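A quick write-up on the structure given underneath.
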Amino acid sequence: MAGYRADFPRERIDIDLSRLDPYVLDPDRVRAATNVTMAGIIGARHTLDLEHLRDQRLSTVAFHLANYWVSEKLRDANGEPKTHLFTHAKRIVLQWLRSDRVVYKGGCQPAQLLYLQLADEVCELLMGALLDQPGGESIIRATLDPFMPEGSTIDVNFPTSKAGRHTPRADRSHLNYIVTDSDWEAKFAQLLDEHPEVLAYTKNQNLGFEVPYSEQGEARTYLPDFLVRLRTPEGSDPMTLVVEIKGYRGHDAALKAETMRNKWIPAVNRLGTHGRWAFVELRSLHDFRDEFDAAIEALVAATEPA
């Protein structure tokens, strides 16, 4: 996938905050930013320094964030800001600021979200949770790479000097080795060889499977650890789990997970041409069988007709 686009409804936008993990604002995230220059949809630019930020009311912070969101993110096909959505954008931002989806640590305060990099990051996260109507579907759509819309393990062929190698079952992976970066990955590969619900799997190395995401306004790519194809009844759509094995979960890991759950997975499933997909982070590193089984059950349940 090359990226995402938003299929905006004509009149309003809504959000499902339950899709979002808590956004932790701490000194490490704020870093060394000292001044913020904000520009409204209409009007002159103005600079907010730290003293000014301390005096900002929550509604004012929401106003500035909504301004940035509309002017930079909520654009039509011609690149013009969808200014009629400003009222809804401000409502959503204020709802998010007042929710338990934002956590402040180390003396940080809401106005520091107006730092340009953080404002961009927040708006990207909120984009992923937007709905076309209350209780509706995500507005995010997939933009496929026109030169390589699909990938395959048939093209994987590379030398390696890494010592960590797992030999997979021949009926579950046609690669001769699964190159592992940790004992946890080797343990998970062994689980995939033995699990009765696994049809095939591969480590995501030299596969070309990259997930675009944004961190503090910079475009980045994320490479999840494993792709796992699950067994399905004959005639059913294929089901694939994207798996990340994660011990320590830093700020970047949280952004990657949010992007997978709220952008990449809904966008790919909306295409309807590549089966059903889901994402799981396995964080109980010494015994992740239960987490893996729960992810399989959730995907199967989401696929079954109501």
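For the structure tokens, the naming scheme is as follows: chains receive sequential letters (A, B, ...) according to their order of presentation, residues are indexed from 1 within each chain, and ligands are indexed from 1 in presentation order.
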Can you check which residues of range 58-291 of chain A DSSP gives as helix (DSSP H, G or I) on the backbone and send them as a VMD selection string? chain A and resid 58 to 72 83 to 97 110 to 114 116 to 128 153 to 155 183 to 194 251 to 271 289 to 291
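Residue-level DSSP output for range 168-206 of chain A, from the backbone, shows strand (DSSP E) at Ile178, Val179, Val198, Leu199, Ala200, Tyr201, Thr202 and Lys203 of chain A.
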CA of Asp145 in chain A to CA of Trp264 in chain A: how many Å, to one decimal? 13.7 Å
Need the shell around range 256-261 of chain A: protein/DNA/RNA residues with any atom at most 7 Å away, counting only C-alpha atoms. Skip same-chain ones fewer than 4 positions apart. Format as a PyMOL selection string? chain A and resi 20+213+222+252+265+279
Would you output that residue set with N, CA and C atoms, as a compact mmCIF listing (two decimals), in the first residue's frame?
# COMPACT_ATOMS: atom_id res chain seq x y z
N LEU A 20 -8.97 4.38 19.86
CA LEU A 20 -7.67 4.97 20.13
C LEU A 20 -7.11 4.51 21.46
N TYR A 213 3.23 5.43 7.87
CA TYR A 213 2.65 6.12 9.02
C TYR A 213 3.39 7.43 9.22
N TYR A 222 6.76 1.39 8.39
CA TYR A 222 6.80 0.41 9.47
C TYR A 222 6.79 -0.99 8.87
N ASP A 252 6.99 5.30 19.45
CA ASP A 252 6.86 4.96 18.05
C ASP A 252 6.06 3.67 17.86
N ILE A 265 -5.55 -1.60 8.43
CA ILE A 265 -6.47 -2.73 8.45
C ILE A 265 -7.85 -2.35 7.90
N PHE A 279 -4.74 -7.17 12.96
CA PHE A 279 -3.41 -6.88 13.50
C PHE A 279 -3.39 -7.22 14.97
At most 10 Å is the cut-off: for each residue in range 98-150 of chain A with any atom that close to an atom of range 3-15 of chain A, write down the nearest atom pair and the distance in Å rounded to one decimal, counting only C-alpha atoms, chain first then increasing number, as JSON lines.
{"residue": "A:Leu126", "atom": "CA", "partner": "A:Ile15", "partner_atom": "CA", "distance": 7.8}
{"residue": "A:Met127", "atom": "CA", "partner": "A:Ala6", "partner_atom": "CA", "distance": 8.3}
{"residue": "A:Gly128", "atom": "CA", "partner": "A:Ile15", "partner_atom": "CA", "distance": 8.9}
{"residue": "A:Ala129", "atom": "CA", "partner": "A:Ile15", "partner_atom": "CA", "distance": 5.5}
{"residue": "A:Leu130", "atom": "CA", "partner": "A:Ile15", "partner_atom": "CA", "distance": 4.4}
{"residue": "A:Leu131", "atom": "CA", "partner": "A:Asp14", "partner_atom": "CA", "distance": 5.1}
{"residue": "A:Asp132", "atom": "CA", "partner": "A:Pro9", "partner_atom": "CA", "distance": 5.7}
{"residue": "A:Gln133", "atom": "CA", "partner": "A:Asp14", "partner_atom": "CA", "distance": 5.8}
{"residue": "A:Pro134", "atom": "CA", "partner": "A:Asp14", "partner_atom": "CA", "distance": 5.9}
{"residue": "A:Gly135", "atom": "CA", "partner": "A:Ile15", "partner_atom": "CA", "distance": 8.6}
{"residue": "A:Gly136", "atom": "CA", "partner": "A:Asp14", "partner_atom": "CA", "distance": 8.8}
{"residue": "A:Glu137", "atom": "CA", "partner": "A:Ile15", "partner_atom": "CA", "distance": 9.8}
{"residue": "A:Ser138", "atom": "CA", "partner": "A:Asp7", "partner_atom": "CA", "distance": 8.8}
{"residue": "A:Ile139", "atom": "CA", "partner": "A:Asp7", "partner_atom": "CA", "distance": 5.1}
{"residue": "A:Ile140", "atom": "CA", "partner": "A:Ala6", "partner_atom": "CA", "distance": 4.6}
{"residue": "A:Arg141", "atom": "CA", "partner": "A:Arg5", "partner_atom": "CA", "distance": 5.2}
{"residue": "A:Ala142", "atom": "CA", "partner": "A:Tyr4", "partner_atom": "CA", "distance": 4.8}
{"residue": "A:Thr143", "atom": "CA", "partner": "A:Gly3", "partner_atom": "CA", "distance": 5.1}
{"residue": "A:Leu144", "atom": "CA", "partner": "A:Gly3", "partner_atom": "CA", "distance": 6.9}
{"residue": "A:Asp145", "atom": "CA", "partner": "A:Gly3", "partner_atom": "CA", "distance": 8.1}
Do you have, as JSON lines, the list of residues of range 116-201 of chain A lying at most 9 Å from range 281-289 of chain A, each with its nearest atom pair and that distance in Å to one decimal, counting only C-alpha atoms and ordered by chain then number?
{"residue": "A:Trp184", "atom": "CA", "partner": "A:Leu285", "partner_atom": "CA", "distance": 6.5}
{"residue": "A:Phe188", "atom": "CA", "partner": "A:Phe288", "partner_atom": "CA", "distance": 8.1}
{"residue": "A:Leu191", "atom": "CA", "partner": "A:Arg289", "partner_atom": "CA", "distance": 7.8}
Give me a file of those residues, with all heavy atoms, as a compact mmCIF listing (two decimals), in the first residue's frame.
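The resulting result-v2.txt:
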# COMPACT_ATOMS: atom_id res chain seq x y z
N TRP A 184 12.53 -14.53 21.01
CA TRP A 184 11.07 -14.47 21.00
C TRP A 184 10.52 -14.76 19.60
O TRP A 184 9.53 -15.46 19.46
CB TRP A 184 10.60 -13.09 21.46
CG TRP A 184 10.98 -12.77 22.87
CD1 TRP A 184 11.03 -13.65 23.93
CD2 TRP A 184 11.38 -11.51 23.39
NE1 TRP A 184 11.43 -13.00 25.07
CE2 TRP A 184 11.66 -11.68 24.78
CE3 TRP A 184 11.54 -10.24 22.83
CZ2 TRP A 184 12.07 -10.64 25.60
CZ3 TRP A 184 11.94 -9.20 23.65
CH2 TRP A 184 12.21 -9.40 25.01
N PHE A 188 8.13 -17.81 18.48
CA PHE A 188 6.86 -17.61 17.79
C PHE A 188 6.81 -18.42 16.49
O PHE A 188 5.77 -18.99 16.14
CB PHE A 188 6.64 -16.13 17.50
CG PHE A 188 5.32 -15.83 16.85
CD1 PHE A 188 4.13 -16.08 17.51
CD2 PHE A 188 5.26 -15.30 15.57
CE1 PHE A 188 2.91 -15.82 16.91
CE2 PHE A 188 4.05 -15.03 14.96
CZ PHE A 188 2.87 -15.29 15.63
N LEU A 191 5.85 -21.80 17.31
CA LEU A 191 4.41 -21.87 17.58
C LEU A 191 3.62 -21.94 16.28
O LEU A 191 2.65 -22.70 16.16
CB LEU A 191 3.98 -20.65 18.40
CG LEU A 191 2.47 -20.44 18.59
CD1 LEU A 191 1.85 -21.60 19.36
CD2 LEU A 191 2.19 -19.12 19.30
With only C-alpha atoms as the counted atoms, please give the residues lying no more than 10 Å from Ala170 in chain A, apart from itself and same-chain residues fewer than 5 positions off, as a VMD selection string. chain A and resid 175 to 176 193 200
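For the pair CA of Ser214 in chain A and CA of Ala2 in chain A, the interatomic distance is 13.1 Å.
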What's around Ala186 in chain A at 12 Å? Count only C-alpha atoms, leave out sequence neighbours fewer than 6 positions away in its own chain, and write the answer as a tab-separated table (two decimals) with C-alpha atoms, in the first residue's frame.
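File produced: selection_3.tsv:
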chain	number	residue	atom	x	y	z
A	163	ALA	CA	22.93	-16.53	13.12
A	164	GLY	CA	19.27	-16.55	14.15
A	165	ARG	CA	17.52	-18.88	11.72
A	166	HIS	CA	14.48	-21.08	12.11
A	167	THR	CA	13.74	-23.85	9.62
A	168	PRO	CA	9.97	-23.79	9.01
A	177	TYR	CA	14.78	-20.15	6.63
A	178	ILE	CA	12.92	-17.73	8.86
A	179	VAL	CA	15.58	-15.21	9.87
A	180	THR	CA	14.91	-14.24	13.48
A	192	LEU	CA	3.32	-21.15	14.00
A	193	ASP	CA	4.72	-24.51	12.89
A	203	LYS	CA	8.74	-13.34	8.47
A	225	ASP	CA	7.30	-8.85	12.12
A	226	PHE	CA	5.15	-11.66	10.69
A	245	ILE	CA	6.19	-9.10	18.72
A	285	LEU	CA	6.70	-12.48	25.44
A	286	HIS	CA	7.16	-15.53	27.61
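You can rank A:Cys108, A:Cys123, A:Leu255, A:Leu227 by their closest distance to Ser152 in chain A using only C-alpha atoms, and at the top of that list sits A:Leu227.
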Just checking: using only C-alpha atoms, which residue out of A:Pro196, A:Val280, A:Val156, A:Asp100 ends up closest to Lys246 in chain A? A:Val280
Return the single residue from A:Lys105, A:Arg249, A:His195, A:Arg31 that is closest to Arg172 in chain A, with distances computed using only C-alpha atoms.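 Checking each candidate against Arg172 in chain A, we get A:His195 as the closest.
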